[in-house]
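Engineer: structure_36.pdb is the file, holding PDB, C-alpha atoms:
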```pdb
ATOM      1  CA  MET A   1     -36.413  34.424  -7.906
ATOM      2  CA  LYS A   2     -34.137  34.588  -4.838
ATOM      3  CA  LEU A   3     -35.191  31.087  -3.854
ATOM      4  CA  ARG A   4     -34.256  29.715  -7.310
ATOM      5  CA  MET A   5     -30.908  31.500  -7.175
ATOM      6  CA  ILE A   6     -30.148  30.038  -3.736
ATOM      7  CA  ALA A   7     -31.194  26.563  -4.915
ATOM      8  CA  ALA A   8     -28.957  26.867  -7.995
ATOM      9  CA  ILE A   9     -25.997  27.891  -5.836
ATOM     10  CA  VAL A  10     -26.599  24.979  -3.444
ATOM     11  CA  VAL A  11     -26.753  22.545  -6.379
ATOM     12  CA  LEU A  12     -23.490  23.936  -7.770
ATOM     13  CA  ILE A  13     -21.748  23.648  -4.400
ATOM     14  CA  ILE A  14     -22.974  20.088  -3.821
ATOM     15  CA  GLY A  15     -22.118  19.094  -7.394
ATOM     16  CA  SER A  16     -18.608  20.513  -7.041
ATOM     17  CA  ALA A  17     -18.132  18.652  -3.760
ATOM     18  CA  ILE A  18     -19.297  15.381  -5.298
ATOM     19  CA  ILE A  19     -17.015  15.764  -8.313
ATOM     20  CA  SER A  20     -14.076  16.679  -6.054
ATOM     21  CA  GLY A  21     -14.797  13.638  -3.894
ATOM     22  CA  ILE A  22     -14.852  11.352  -6.917
ATOM     23  CA  VAL A  23     -11.522  12.707  -8.153
ATOM     24  CA  VAL A  24      -9.929  12.283  -4.718
ATOM     25  CA  ALA A  25     -11.410   8.803  -4.293
ATOM     26  CA  GLN A  26     -10.111   7.679  -7.661
ATOM     27  CA  SER A  27      -6.680   9.172  -7.030
ATOM     28  CA  CYS A  28      -6.343   6.946  -3.978
ATOM     29  CA  ALA A  29      -8.198   3.979  -5.445
ATOM     30  CA  MET A  30      -5.273   3.177  -7.748
ATOM     31  CA  GLU A  31      -7.417   2.394 -10.730
ATOM     32  CA  GLY A  32      -4.685   3.288 -13.161
ATOM     33  CA  GLY A  33      -3.641   6.789 -13.982
ATOM     34  CA  VAL A  34      -0.175   8.210 -13.830
ATOM     35  CA  ARG A  35       1.866   8.711 -10.687
ATOM     36  CA  LYS A  36       5.510   9.597 -10.947
ATOM     37  CA  SER A  37       7.487   8.003  -8.143
ATOM     38  CA  VAL A  38       9.584  10.199  -5.938
ATOM     39  CA  VAL A  39      11.728   7.300  -4.760
ATOM     40  CA  LYS A  40      13.446   4.886  -7.147
ATOM     41  CA  VAL A  41      14.930   1.487  -6.324
ATOM     42  CA  GLY A  42      18.287   2.136  -4.672
ATOM     43  CA  ASP A  43      17.136   5.426  -3.088
ATOM     44  CA  LYS A  44      16.655   6.002   0.620
ATOM     45  CA  VAL A  45      12.930   6.159   1.373
ATOM     46  CA  PHE A  46      11.607   9.325   3.005
ATOM     47  CA  ASP A  47       9.890   8.739   6.318
ATOM     48  CA  PHE A  48       6.112   8.587   5.887
ATOM     49  CA  SER A  49       3.159   7.665   8.060
ATOM     50  CA  ILE A  50       0.448   5.049   7.748
ATOM     51  CA  THR A  51      -2.542   4.367   9.979
ATOM     52  CA  THR A  52      -3.290   1.102  11.733
ATOM     53  CA  LEU A  53      -6.842  -0.231  11.767
ATOM     54  CA  ASP A  54      -7.174   0.867  15.388
ATOM     55  CA  GLY A  55      -6.442   4.460  14.332
ATOM     56  CA  LYS A  56      -2.812   4.825  15.418
ATOM     57  CA  THR A  57      -0.449   6.723  13.152
ATOM     58  CA  VAL A  58       2.873   4.949  12.661
ATOM     59  CA  LYS A  59       5.951   6.162  10.817
ATOM     60  CA  LEU A  60       8.111   3.940   8.628
ATOM     61  CA  SER A  61      11.071   4.683  10.929
ATOM     62  CA  GLU A  62       9.052   3.475  13.934
ATOM     63  CA  LEU A  63       8.172   0.223  12.179
ATOM     64  CA  GLN A  64      11.826  -0.336  11.323
ATOM     65  CA  LYS A  65      12.827   0.060  14.981
ATOM     66  CA  ASP A  66      10.269  -2.542  16.158
ATOM     67  CA  LYS A  67      12.765  -5.336  16.906
ATOM     68  CA  LYS A  68       9.987  -7.680  18.094
ATOM     69  CA  ARG A  69       8.547  -7.692  14.577
ATOM     70  CA  THR A  70      11.631  -7.166  12.397
ATOM     71  CA  GLU A  71      15.139  -7.947  13.622
ATOM     72  CA  LYS A  72      16.798  -6.128  10.701
ATOM     73  CA  GLY A  73      14.250  -3.352  10.125
ATOM     74  CA  ILE A  74      12.973  -4.795   6.821
ATOM     75  CA  ILE A  75       9.508  -3.664   5.694
ATOM     76  CA  ILE A  76       7.322  -5.077   2.914
ATOM     77  CA  LEU A  77       4.248  -3.133   1.831
ATOM     78  CA  SER A  78       1.858  -4.671  -0.667
ATOM     79  CA  PHE A  79      -0.695  -2.159  -1.963
ATOM     80  CA  TRP A  80      -4.107  -3.714  -1.502
ATOM     81  CA  CYS A  81      -7.811  -2.957  -1.158
ATOM     82  CA  THR A  82     -11.063  -4.746  -0.415
ATOM     83  CA  THR A  83     -12.487  -4.310  -3.924
ATOM     84  CA  CYS A  84      -9.423  -5.467  -5.864
ATOM     85  CA  HIS A  85      -9.900  -8.697  -7.831
ATOM     86  CA  SER A  86      -6.160  -9.298  -8.275
ATOM     87  CA  CYS A  87      -5.616  -8.823  -4.520
ATOM     88  CA  ARG A  88      -7.747 -11.895  -3.897
ATOM     89  CA  HIS A  89      -5.215 -13.877  -5.950
ATOM     90  CA  VAL A  90      -2.349 -12.884  -3.641
ATOM     91  CA  ASP A  91      -4.098 -12.713  -0.247
ATOM     92  CA  ALA A  92      -3.123 -16.268   0.741
ATOM     93  CA  GLN A  93       0.453 -15.853  -0.530
ATOM     94  CA  LEU A  94       0.789 -12.539   1.271
ATOM     95  CA  GLY A  95      -0.539 -14.160   4.456
ATOM     96  CA  LYS A  96       2.028 -16.951   4.060
ATOM     97  CA  LEU A  97       4.792 -14.366   3.666
ATOM     98  CA  VAL A  98       3.642 -12.743   6.935
ATOM     99  CA  GLN A  99       3.909 -16.096   8.726
ATOM    100  CA  ASP A 100       7.076 -17.397   7.059
ATOM    101  CA  TYR A 101       9.084 -14.245   7.764
ATOM    102  CA  SER A 102       7.672 -13.386  11.176
ATOM    103  CA  LYS A 103      10.280 -11.450  13.210
ATOM    104  CA  GLN A 104      12.494 -11.117  10.126
ATOM    105  CA  ALA A 105      10.358  -8.554   8.296
ATOM    106  CA  ILE A 106       7.168  -6.610   8.834
ATOM    107  CA  VAL A 107       4.790  -7.521   6.012
ATOM    108  CA  LEU A 108       1.684  -5.362   5.607
ATOM    109  CA  ALA A 109      -1.151  -5.040   3.150
ATOM    110  CA  LEU A 110      -1.390  -1.272   2.650
ATOM    111  CA  ASP A 111      -4.818  -0.007   1.642
ATOM    112  CA  ALA A 112      -4.765   3.262  -0.327
ATOM    113  CA  ASN A 113      -8.382   3.121  -1.484
ATOM    114  CA  SER A 114     -10.138   6.149  -0.003
ATOM    115  CA  ALA A 115     -13.415   4.217   0.179
ATOM    116  CA  ASP A 116     -11.851   1.606   2.464
ATOM    117  CA  THR A 117     -12.190   2.881   6.011
ATOM    118  CA  ALA A 118     -11.046   0.831   8.988
ATOM    119  CA  PRO A 119     -14.583  -0.528   9.644
ATOM    120  CA  VAL A 120     -14.954  -1.485   5.957
ATOM    121  CA  ILE A 121     -11.605  -3.297   5.993
ATOM    122  CA  GLU A 122     -12.328  -5.059   9.287
ATOM    123  CA  ALA A 123     -15.740  -6.214   8.021
ATOM    124  CA  PHE A 124     -14.155  -7.492   4.807
ATOM    125  CA  LEU A 125     -11.421  -9.415   6.677
ATOM    126  CA  LYS A 126     -14.011 -10.958   8.991
ATOM    127  CA  LYS A 127     -16.447 -11.838   6.200
ATOM    128  CA  THR A 128     -13.787 -13.431   3.990
ATOM    129  CA  GLY A 129     -11.720 -14.990   6.772
ATOM    130  CA  THR A 130      -8.644 -13.246   5.380
ATOM    131  CA  ALA A 131      -5.821 -13.170   7.925
ATOM    132  CA  LEU A 132      -3.646 -10.211   6.973
ATOM    133  CA  PRO A 133      -2.197  -7.296   8.861
ATOM    134  CA  VAL A 134      -3.617  -4.256   7.061
ATOM    135  CA  ALA A 135      -2.726  -0.589   7.443
ATOM    136  CA  ILE A 136      -4.199   2.428   5.680
ATOM    137  CA  ASP A 137      -2.459   4.927   3.408
ATOM    138  CA  ALA A 138      -5.289   7.427   3.882
ATOM    139  CA  ASN A 139      -3.711  10.385   2.110
ATOM    140  CA  CYS A 140      -1.917   8.284  -0.516
ATOM    141  CA  ASN A 141       1.440   9.479   0.809
ATOM    142  CA  ALA A 142       3.077   6.078   0.337
ATOM    143  CA  ALA A 143       1.350   5.443  -3.000
ATOM    144  CA  ASP A 144       2.584   8.804  -4.267
ATOM    145  CA  LEU A 145       6.079   8.275  -2.883
ATOM    146  CA  PHE A 146       6.518   4.997  -4.770
ATOM    147  CA  GLY A 147       4.471   5.972  -7.847
ATOM    148  CA  ILE A 148       1.957   3.185  -7.224
ATOM    149  CA  THR A 149      -0.967   3.029  -9.648
ATOM    150  CA  LYS A 150      -2.016  -0.610  -9.281
ATOM    151  CA  THR A 151      -2.890  -2.783  -6.333
ATOM    152  CA  THR A 152      -0.673  -5.787  -5.541
ATOM    153  CA  THR A 153       2.341  -3.656  -6.382
ATOM    154  CA  THR A 154       4.755  -4.403  -3.563
ATOM    155  CA  VAL A 155       7.799  -2.632  -2.163
ATOM    156  CA  VAL A 156      10.656  -4.058  -0.117
ATOM    157  CA  ILE A 157      12.551  -1.606   2.079
ATOM    158  CA  ASP A 158      15.753  -2.778   3.756
ATOM    159  CA  GLY A 159      16.913  -2.011   7.296
ATOM    160  CA  ASP A 160      18.811   1.063   6.117
ATOM    161  CA  GLY A 161      15.595   2.463   4.660
ATOM    162  CA  VAL A 162      16.637   1.837   1.059
ATOM    163  CA  LEU A 163      14.038   0.761  -1.507
ATOM    164  CA  ARG A 164      15.277  -2.566  -2.827
ATOM    165  CA  TYR A 165      12.268  -3.784  -4.858
ATOM    166  CA  CYS A 166       9.174  -2.239  -6.403
ATOM    167  CA  GLY A 167       6.863  -4.286  -8.595
ATOM    168  CA  GLN A 168       4.377  -7.098  -8.754
ATOM    169  CA  PHE A 169       3.931  -9.224  -5.665
ATOM    170  CA  LYS A 170       4.934 -12.184  -7.809
ATOM    171  CA  GLN A 171       5.622 -12.201 -11.527
ATOM    172  CA  LYS A 172       5.485 -15.280 -13.706
ATOM    173  CA  GLY A 173       8.932 -16.043 -15.010
ATOM    174  CA  GLY A 174      10.822 -14.350 -12.175
ATOM    175  CA  GLY A 175      10.810 -11.413  -9.877
ATOM    176  CA  SER A 176       8.854 -11.289  -6.662
ATOM    177  CA  ALA A 177       8.708  -9.591  -3.301
ATOM    178  CA  GLU A 178       9.754 -12.838  -1.634
ATOM    179  CA  ASP A 179      12.809 -13.221  -3.900
ATOM    180  CA  ALA A 180      13.789  -9.647  -3.031
ATOM    181  CA  LEU A 181      13.233 -10.293   0.675
ATOM    182  CA  LYS A 182      15.415 -13.423   0.589
ATOM    183  CA  ALA A 183      18.210 -11.458  -1.085
ATOM    184  CA  VAL A 184      17.968  -8.608   1.430
ATOM    185  CA  LEU A 185      17.991 -11.037   4.376
ATOM    186  CA  ALA A 186      21.057 -12.783   2.937
ATOM    187  CA  GLY A 187      22.850  -9.474   2.348
ATOM    188  CA  ARG A 188      22.842  -9.992  -1.417
ATOM    189  CA  GLU A 189      21.909  -7.698  -4.257
ATOM    190  CA  VAL A 190      18.297  -8.131  -5.434
ATOM    191  CA  SER A 191      18.492  -9.666  -8.927
ATOM    192  CA  VAL A 192      15.123  -8.400 -10.215
ATOM    193  CA  LYS A 193      14.631  -4.937  -8.712
ATOM    194  CA  THR A 194      11.520  -3.832 -10.584
ATOM    195  CA  THR A 195       8.684  -5.417 -12.480
ATOM    196  CA  PRO A 196       5.728  -3.761 -14.240
ATOM    197  CA  HIS A 197       2.882  -2.613 -12.000
ATOM    198  CA  LYS A 198       0.051  -4.747 -13.393
ATOM    199  CA  GLY A 199      -2.438  -5.209 -10.560
TER     200      GLY A 199
END
```
Would you encode the structure as structure tokens?

Structural biologist:
Amino acid sequence: MKLRMIAAIVVLIIGSAIISGIVVAQSCAMEGGVRKSVVKVGDKVFDFSITTLDGKTVKLSELQKDKKRTEKGIIILSFWCTTCHSCRHVDAQLGKLVQDYSKQAIVLALDANSADTAPVIEAFLKKTGTALPVAIDANCNAADLFGITKTTTTVVIDGDGVLRYCGQFKQKGGGSAEDALKAVLAGREVSVKTTPHKG
């Protein structure tokens, strides 16, 4: 009797842990759902931290001060993961953005999928030959801050730390991270500030 009771308790504990893990994994996996953004376009972005693939924690403010990588402190984060079909459609374009705006802006793929650890991401990049700088939003701090629910949603943050664009990496018919970046670099207002998060 005691043995059955102990077994039942163990099963309940393990089951609860598994269910909790699934909920947490899905909350970071950005497979839809509702997230209310804390920061809106035009607002100053709160400082937050991300993790590099080599395990270093880096704050947004530290990235903005890296004059070797971004002369004006401009940051572009495109939410991304290894299992995202739509991400494969923008990988090459995102890589081109990294190259074309080298030293003008830091462009990162930001992985907020809790199943994507650094070794998983590195193996994926190697296997697919994808050349992207990737960082990890392990606790979904950035995803929560911007209200991100879909991968390929991209944010452009200017040198003053103000969110200037939040939306699709590139939308048919107008509106893209690159258009926003060009406007920010030129000191102009971004014409299309938001687009739907479609993934």

Engineer: Got a sec to resolve the PyMOL selection byres ((chain A and resi 191) around 10) on this structure and send the residues as a PDB file with C-alpha atoms, in the coordinates of the input?

Structural biologist:
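Listing of expr_14.pdb after writing:
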```pdb
ATOM      1  CA  ARG A 164      15.277  -2.566  -2.827  1.00  0.00           C
ATOM      2  CA  TYR A 165      12.268  -3.784  -4.858  1.00  0.00           C
ATOM      3  CA  GLY A 174      10.822 -14.350 -12.175  1.00  0.00           C
ATOM      4  CA  GLY A 175      10.810 -11.413  -9.877  1.00  0.00           C
ATOM      5  CA  ASP A 179      12.809 -13.221  -3.900  1.00  0.00           C
ATOM      6  CA  ALA A 180      13.789  -9.647  -3.031  1.00  0.00           C
ATOM      7  CA  ALA A 183      18.210 -11.458  -1.085  1.00  0.00           C
ATOM      8  CA  ARG A 188      22.842  -9.992  -1.417  1.00  0.00           C
ATOM      9  CA  GLU A 189      21.909  -7.698  -4.257  1.00  0.00           C
ATOM     10  CA  VAL A 190      18.297  -8.131  -5.434  1.00  0.00           C
ATOM     11  CA  VAL A 192      15.123  -8.400 -10.215  1.00  0.00           C
ATOM     12  CA  LYS A 193      14.631  -4.937  -8.712  1.00  0.00           C
ATOM     13  CA  THR A 194      11.520  -3.832 -10.584  1.00  0.00           C
TER      14      THR A 194
END
```

Engineer: Pull out every residue that the PyMOL selection byres ((chain A and resi 70) around 6) matches in the shown coordinates and put them as a PyMOL selection string.

Structural biologist: chain A and resi 67-69+71-73+103-106

Engineer: Written as a list of chain:residue names, what is the full residue list that the PyMOL selection byres ((chain A and resi 195) around 6) yields on the file shown?

Structural biologist: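 Applying the PyMOL selection byres ((chain A and resi 195) around 6) to the structure shown produces A:Gly167, A:Gln168, A:Thr194, A:Pro196.
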
Engineer: Each residue of segment 106-177 of chain A with at least one atom at most 12 Å from segment 88-92 of chain A should appear once, together with its nearest atom pair and the corresponding distance in Å (one decimal); atoms considered: all atoms listed in the file; ordering: chain, then increasing residue number; output as JSON lines.

Structural biologist:
```
{"residue": "A:Leu108", "atom": "CA", "partner": "A:Asp91", "partner_atom": "CA", "distance": 11.0}
{"residue": "A:Ala109", "atom": "CA", "partner": "A:Asp91", "partner_atom": "CA", "distance": 8.9}
{"residue": "A:Phe124", "atom": "CA", "partner": "A:Arg88", "partner_atom": "CA", "distance": 11.7}
{"residue": "A:Leu125", "atom": "CA", "partner": "A:Asp91", "partner_atom": "CA", "distance": 10.6}
{"residue": "A:Thr128", "atom": "CA", "partner": "A:Arg88", "partner_atom": "CA", "distance": 10.1}
{"residue": "A:Gly129", "atom": "CA", "partner": "A:Ala92", "partner_atom": "CA", "distance": 10.6}
{"residue": "A:Thr130", "atom": "CA", "partner": "A:Asp91", "partner_atom": "CA", "distance": 7.3}
{"residue": "A:Ala131", "atom": "CA", "partner": "A:Ala92", "partner_atom": "CA", "distance": 8.3}
{"residue": "A:Leu132", "atom": "CA", "partner": "A:Asp91", "partner_atom": "CA", "distance": 7.7}
{"residue": "A:Pro133", "atom": "CA", "partner": "A:Asp91", "partner_atom": "CA", "distance": 10.8}
{"residue": "A:Val134", "atom": "CA", "partner": "A:Asp91", "partner_atom": "CA", "distance": 11.2}
{"residue": "A:Thr151", "atom": "CA", "partner": "A:Val90", "partner_atom": "CA", "distance": 10.5}
{"residue": "A:Thr152", "atom": "CA", "partner": "A:Val90", "partner_atom": "CA", "distance": 7.5}
{"residue": "A:Thr153", "atom": "CA", "partner": "A:Val90", "partner_atom": "CA", "distance": 10.7}
{"residue": "A:Thr154", "atom": "CA", "partner": "A:Val90", "partner_atom": "CA", "distance": 11.1}
{"residue": "A:Gln168", "atom": "CA", "partner": "A:Val90", "partner_atom": "CA", "distance": 10.2}
{"residue": "A:Phe169", "atom": "CA", "partner": "A:Val90", "partner_atom": "CA", "distance": 7.5}
{"residue": "A:Lys170", "atom": "CA", "partner": "A:Val90", "partner_atom": "CA", "distance": 8.4}
{"residue": "A:Gln171", "atom": "CA", "partner": "A:Val90", "partner_atom": "CA", "distance": 11.2}
{"residue": "A:Ser176", "atom": "CA", "partner": "A:Val90", "partner_atom": "CA", "distance": 11.7}
{"residue": "A:Ala177", "atom": "CA", "partner": "A:Val90", "partner_atom": "CA", "distance": 11.5}
```

Engineer: Edge lengths and centre in Å to one decimal, as lines of an AutoDock Vina configuration file, is what I'm after for the box along x, y and z that holds all listed atoms of segment 150-154 of chain A once 4 Å is added on each side.

Structural biologist:
```
center_x = 0.9
center_y = -3.2
center_z = -6.4
size_x = 15.6
size_y = 13.2
size_z = 13.7
```

Engineer: In Å to one decimal, how far is atom CA of Thr57 of chain A from atom CA of Asp43 of chain A?

Structural biologist: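 Taking atom CA of Asp43 of chain A as the start and atom CA of Thr57 of chain A as the end point, the length is 24.0 Å.
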
Engineer: Can you work out the spacing between atom CA of Leu185 of chain A and atom CA of Thr149 of chain A in Å, to one decimal?

Structural biologist: 27.5 Å

Engineer: Go ahead and find all residues with at least one atom no further than 9 Å from (13.4, 10.1, 4.9) in the file's coordinates, using all atoms listed in the file; report them as a ChimeraX atom specification.

Structural biologist: /A:44-48,60-61,161

Engineer: Kindly indicate which residue among A:Leu63, A:Ala143, A:Cys81, A:Val38 lies nearest to Thr117 of chain A, using all atoms listed in the file for the distances.

Structural biologist: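 Using all atoms listed in the file, Thr117 of chain A sits closest to A:Cys81.
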
Engineer: Which residue out of A:Val41, A:Leu77, A:Val107, A:Ile136 has the minimum interatomic distance to Pro119 of chain A when all atoms listed in the file are used?

Structural biologist: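 Closest residue, counting all atoms listed in the file: A:Ile136.
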
Engineer: Can you work out which one of A:Lys127, A:Lys56, A:His197, A:Lys182 has the shortest atom-to-atom distance to Cys166 of chain A, counting all atoms listed in the file?

Structural biologist: A:His197

Engineer: List the spatial neighbours of Leu145 of chain A as a list in words - criterion: any atom at most 7 Å away, all atoms listed in the file, same-chain residues fewer than 2 positions off excluded.

Structural biologist: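 Near neighbours after the sequence-gap exclusion: Ser37, Val38, Val39, Asn141, Ala142, Ala143 and Gly147 of chain A.
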
Engineer: Quick one: of A:Ser86, A:Ile74, A:Lys96, A:Glu122, who's nearest to Leu53 of chain A, counting all atoms listed in the file?

Structural biologist: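 For Leu53 of chain A, the nearest of the candidates is A:Glu122.
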
Engineer: For each of A:Cys140, A:Val58, A:Val120, A:Leu163, take the minimum atom-to-atom distance to Thr83 of chain A, counting only C-alpha atoms, then give the residue where this is smallest.

Structural biologist: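 Result for the nearest residue to Thr83 of chain A: A:Val120.
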
Engineer: Counting all atoms listed in the file, figure out which residue out of A:Cys84, A:Ala115, A:Asp137, A:Ser102 gets nearest to Gly55 of chain A.

Structural biologist: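 Among the listed residues, A:Asp137 lies closest to Gly55 of chain A.
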
Engineer: What's the separation between atom CA of Ser49 of chain A and atom CA of Lys150 of chain A, in Å to one decimal place?

Structural biologist: 19.9 Å

Engineer: How would segment 124-141 of chain A read, as a CSV table (one decimal), keeping the file's coordinate frame, once N, CA and C atoms are built in?

Structural biologist:
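Dumped to part34.csv:
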```
chain,number,residue,atom,x,y,z
A,124,PHE,N,-14.6,-6.7,5.9
A,124,PHE,CA,-14.2,-7.5,4.8
A,124,PHE,C,-13.3,-8.7,5.3
A,125,LEU,N,-12.3,-8.4,6.2
A,125,LEU,CA,-11.4,-9.4,6.7
A,125,LEU,C,-12.2,-10.5,7.4
A,126,LYS,N,-13.2,-10.0,8.2
A,126,LYS,CA,-14.0,-11.0,9.0
A,126,LYS,C,-14.9,-11.8,8.1
A,127,LYS,N,-15.5,-11.1,7.1
A,127,LYS,CA,-16.4,-11.8,6.2
A,127,LYS,C,-15.7,-12.9,5.3
A,128,THR,N,-14.5,-12.5,4.9
A,128,THR,CA,-13.8,-13.4,4.0
A,128,THR,C,-12.8,-14.4,4.7
A,129,GLY,N,-12.6,-14.2,6.0
A,129,GLY,CA,-11.7,-15.0,6.8
A,129,GLY,C,-10.3,-14.7,6.4
A,130,THR,N,-10.0,-13.6,5.8
A,130,THR,CA,-8.6,-13.2,5.4
A,130,THR,C,-7.8,-12.8,6.6
A,131,ALA,N,-6.7,-13.5,6.8
A,131,ALA,CA,-5.8,-13.2,7.9
A,131,ALA,C,-4.6,-12.4,7.4
A,132,LEU,N,-4.7,-11.1,7.4
A,132,LEU,CA,-3.6,-10.2,7.0
A,132,LEU,C,-3.5,-9.0,7.9
A,133,PRO,N,-2.3,-8.6,8.2
A,133,PRO,CA,-2.2,-7.3,8.9
A,133,PRO,C,-2.4,-6.2,7.8
A,134,VAL,N,-3.3,-5.3,8.0
A,134,VAL,CA,-3.6,-4.3,7.1
A,134,VAL,C,-3.4,-2.9,7.7
A,135,ALA,N,-2.8,-2.0,7.0
A,135,ALA,CA,-2.7,-0.6,7.4
A,135,ALA,C,-3.3,0.3,6.3
A,136,ILE,N,-3.5,1.5,6.6
A,136,ILE,CA,-4.2,2.4,5.7
A,136,ILE,C,-3.3,3.6,5.3
A,137,ASP,N,-3.2,3.8,4.0
A,137,ASP,CA,-2.5,4.9,3.4
A,137,ASP,C,-3.5,6.0,3.0
A,138,ALA,N,-4.1,6.6,4.1
A,138,ALA,CA,-5.3,7.4,3.9
A,138,ALA,C,-5.1,8.6,2.9
A,139,ASN,N,-4.0,9.2,3.0
A,139,ASN,CA,-3.7,10.4,2.1
A,139,ASN,C,-2.9,10.0,0.9
A,140,CYS,N,-2.7,8.8,0.6
A,140,CYS,CA,-1.9,8.3,-0.5
A,140,CYS,C,-0.5,8.7,-0.5
A,141,ASN,N,0.1,9.0,0.7
A,141,ASN,CA,1.4,9.5,0.8
A,141,ASN,C,2.4,8.4,0.3
```
